Amino acid sequence: MAGKQGSRRFAADNRAVSAVIGFILIFGILMLTLTVYQAQIVPQQNAQTEFKHFEDTRDELIELRNSISRTGQAGDPQYPSVQLGTTYQSRTLTINPAPASGTLQTSDGHNITISNSSSSLNVTTRFIEYQPGYNELTVGSTWHENSVLYVDNPESNNTVLEDQNLVTDGSEIKIVAIENEFQQTGTSRTTIEMERNQSEVNLPDDTEGNLTIEIPTRLDGSEYWDEAFEDLDDDDPVRYDGVNEDGNLILNATNSTNIDINTIEIDS
Amino acid sequence: MNWGAFTRDNRAVAPAVAFILIIGFLILLLAIYQAQIVPQQNAEAELEHHQETRDELRSLHNAISAVGADQEPRFQSINLGTAYEGRTLGINPPPAAGTIRTEQHNISITNESGAGHQENISTQFIEYQPGYNELDIGSTWYENSVLYFDERDRGNSVGIIEDQEMVDNDGNVTVVALQNEFQETGTGRVTLELYPANDLNESSFPEPNGSYSVKIPTRLNGTGYWESQLENSIYENIDPVANEDHDLLNLSVDPDNLDIDKVGIRKEARELRGSEQSNEGAEGPRRVLDGEPTKVEHNDVNDESFPDEKLIIPEGEDFVPESDPDGDDRDDAIEYEFKEYQIDGNLETNESVELTSTDGNINFGSSGTTVSGKQFDFDANGDIIIDGATLKTDAGSTGPGNERMTLNATGNISAINATLDATREIELTANEFVDLTDAEIIVRDADEEGSGGGGQADVEVTANNIVINNTSFVNSDGDEIDRNLEGDVVDSRP
């Protein structure tokens with residue numbers, strides 16, 4: 001009875017609750033907008049921040065590469081710095097992922113081998129890898145090896161940022177070996193202190209013919225080295241002989257005066 | 001239409017009008033933002049980049065000096081361009097790219113007496129040219145240890161960023177000669193690798209006999225810069241170079257006070273071999289003769305003719321073909337066919353010299369280059385440029401009909417301040433003009449003017465316009481000689 005009366009009243013009720021409906025609608029629209037902002041705009045803005053950091057880091061890694069060359073070839077201590085990661089712009093209503101950290105580290109040691117028919121010399125060197133930990137962008141590591149700086153793209157060819165200066169005029173191989181391990185991870189700026197090792201590398205006796213230099217590399221011959229050394233002539237004191245199956249770049253030198261090898265120590 | 005009802009209608013449509021007004025206002029704001037604010041913000045980004053680049057170029061300037069002084073390599077990077085901040089509503093122009101490039105010039109050194117050889121050393125100026133979308137800023141130049149903005153083509157002056165370090169207070173002159181061409185354009189960072197070279201020694205310079213006269217190319221002409229920087233004891237004058245945007249700064253330097261350091265960009269500044277230099281710059285393949293005896297003949301179609309390549313004899317190279325052991329004189333002759341020629345070194349033979357360019361100029365160094373042989377026959381499908389050089393037929397005379405000098409160009413022949421010295425006849429033929437301003441034309445065995453009677457004159461010049469200005473036509477006794485000028489004779493180039 002009471003229910004019949006109630007339903008009759010509800011059906012007969014013509015009072016509006018527009019304010020409540022309006023509030024619910026506006027609230028719904030705001031929530032929807034916030035969701036779209038969080039799902040679409042925030043990642044895009046963060047990707048933009050990461051890309052800016054990637055460009056800045058690329059410049060800093062070029063400076064790092066130049067510092068390695070200068071320390072090794074000229075003997076001047078250098079102190080380049082790299083901003084390992086980045087933080088995103090602060091937000092009031094929406095949420096950011098954790099700051100993007102990065103890692104700068106040396107690889108395992110690999111041997112540079114300089115040999116002639118009677119003797120050989122091994123010098124340990126390391127590659128340097130900068131591995132960004134971006135939340136939005138998919139970018140491969142940037143590698144430094146034998147004065148070449150390149151981005152190792154995960155799904156395409158490597159992008160060379162700075163070419164080799166291992167052999168520049170066909171008369172000399174300028175090797176800079178990185179001696180010790182190094183690793184830094186974080187979002188802050190790290191300074192890399194580098195100094196040339198004062199003890200000289202004793203090369204094999206040059207009286208017994210040509211020297212063969214095997215230098216570890218991550219790059220293929222066809223990918224980089226063949227083109228980098230295409231200007232070398234057969235009668236140059238320094239010749240290029242490809243990349244072998246073990247991943248070693250093979251160079252030949254007429255005698256030890258055509259080799260300038262230095263080792264550097266790096267630390268943070 | 002019921003106009004009466006329309007005019008009586010007083011119902012408001014305020015929400016619609018307000019909506020239209022607000023939309024219009026927003027669009028107006030957006031237009032103002034795009035037209036006014038975006039360019040200003042971009043100009044700000046460009047100015048910031050400009051200031052950073054100025055600092056990086058200053059570092060480059062210091063690095064070049066340091067490489068010259070310390071003889072140790074340096075690696076200096078420069079950010080060529082800049083991108084603008086990302087925008088949600090406005091639109092940016094493409095990122096501003098910049099260009100860094102080198103421009104080759106020659107430094108020459110002679111001793112006071114003029115005896116002995118003249119040493120020519122090539123050097124490079126460096127220009128950084130920004131490609132900003134908003135700011136109109138001129139190029140920044142590095143030359144002879146001076147770094148400056150050049151705003152002269154915009155009606156402004158030159159702004160010195162770093163003063164010269166070439167001449168110190170004690171009168172010591174240290175010239176840093178940059179080697180190798182370099183050019184990069186883009187928005188990213190590029191490294192200039194600077195390497196030292198020690199290939200100059202005392203024997204490279206002329207015999208010390210009084211002071212050295214050192215001619216250094218400079219673009220700071222007309223600015224009064226060098227006059228204000230250099231002492232009178234060193235500074236002589238600035239010579240204009242016709243049709244060039246640079247002048248020659250003349251210094252008088254005590255041989256003990258002169259030091260020249262070579263600094264190579266990217267590569268060592270040592271002499272480069274042919275194939276190494278072949279891909280430098282954007283001028284196509286080249287072939288460098290580095291002093292080895294080499295013979296290239298027209299009719300040899302295998303691999304001795306290079307109609308698509310440029311022949312370079314670098315400054316400082318003396319190219320002297322050796323006598324063939326079989327005694328065949330013809331084998332000693334120089335017969336080259338190249339696309340074009342850049343001869344900055346000296347070329348000497350006892351036999352004839354035939355140079356043919358298939359599509360380009362035959363260009364001799366701006367000063368000091370000497371070509372000597374028995375007979376010259378240059379045929380250019382382009383221009384022949386001999387400004388400041390010396391061509392001399394004074395060797396290996398074996399009989400009549402030799403010792404002539406025949407230059408034929410489909411374009412122009414420019415022989416400003418040149419010396420053309422032949423034993424018998426000189427014949428210059430060009431399509432447009434032959435410029436003999438300040439040139440010395442010598443036909444040693446020629447009779448005096450007018451005494452030759454009929455027949456061919458000692459000097460034959462054929463062109464639409466022939467520039468004769470302070471030109472001497474003499475024989476070995478210094479007497480004026482007979483010449484035949486076929487064309488409009490003028491005293492300046494049209």
# chains A, B, ... in the order shown; residues from 1 in each chain; ligands from 1
>>> residues_around(residues="Tyr224 of chain A", least_positions_apart="5", cutoff="9 Å", atoms="only C-alpha atoms", output="count of residues only")
3
>>> interface_residues(of="chain A", to="chain B", cutoff="10 Å", atoms="only C-alpha atoms", output="VMD selection string")
chain A and resid 45 48 52 55 58 to 60 62 to 63 65 to 76 161 to 163 165 167 to 172 229 to 233 236
>>> closest_residue(among="A:Gly22, A:Ile95, A:Trp225, A:Asp267", to="Tyr37 of chain A", atoms="only C-alpha atoms")
A:Ile95
>>> select_by_dssp(residues="segment 94-232 of chain B", states="helix (DSSP H, G or I)", output="number ranges by chain")
B: 152-154, 202-204, 225-229
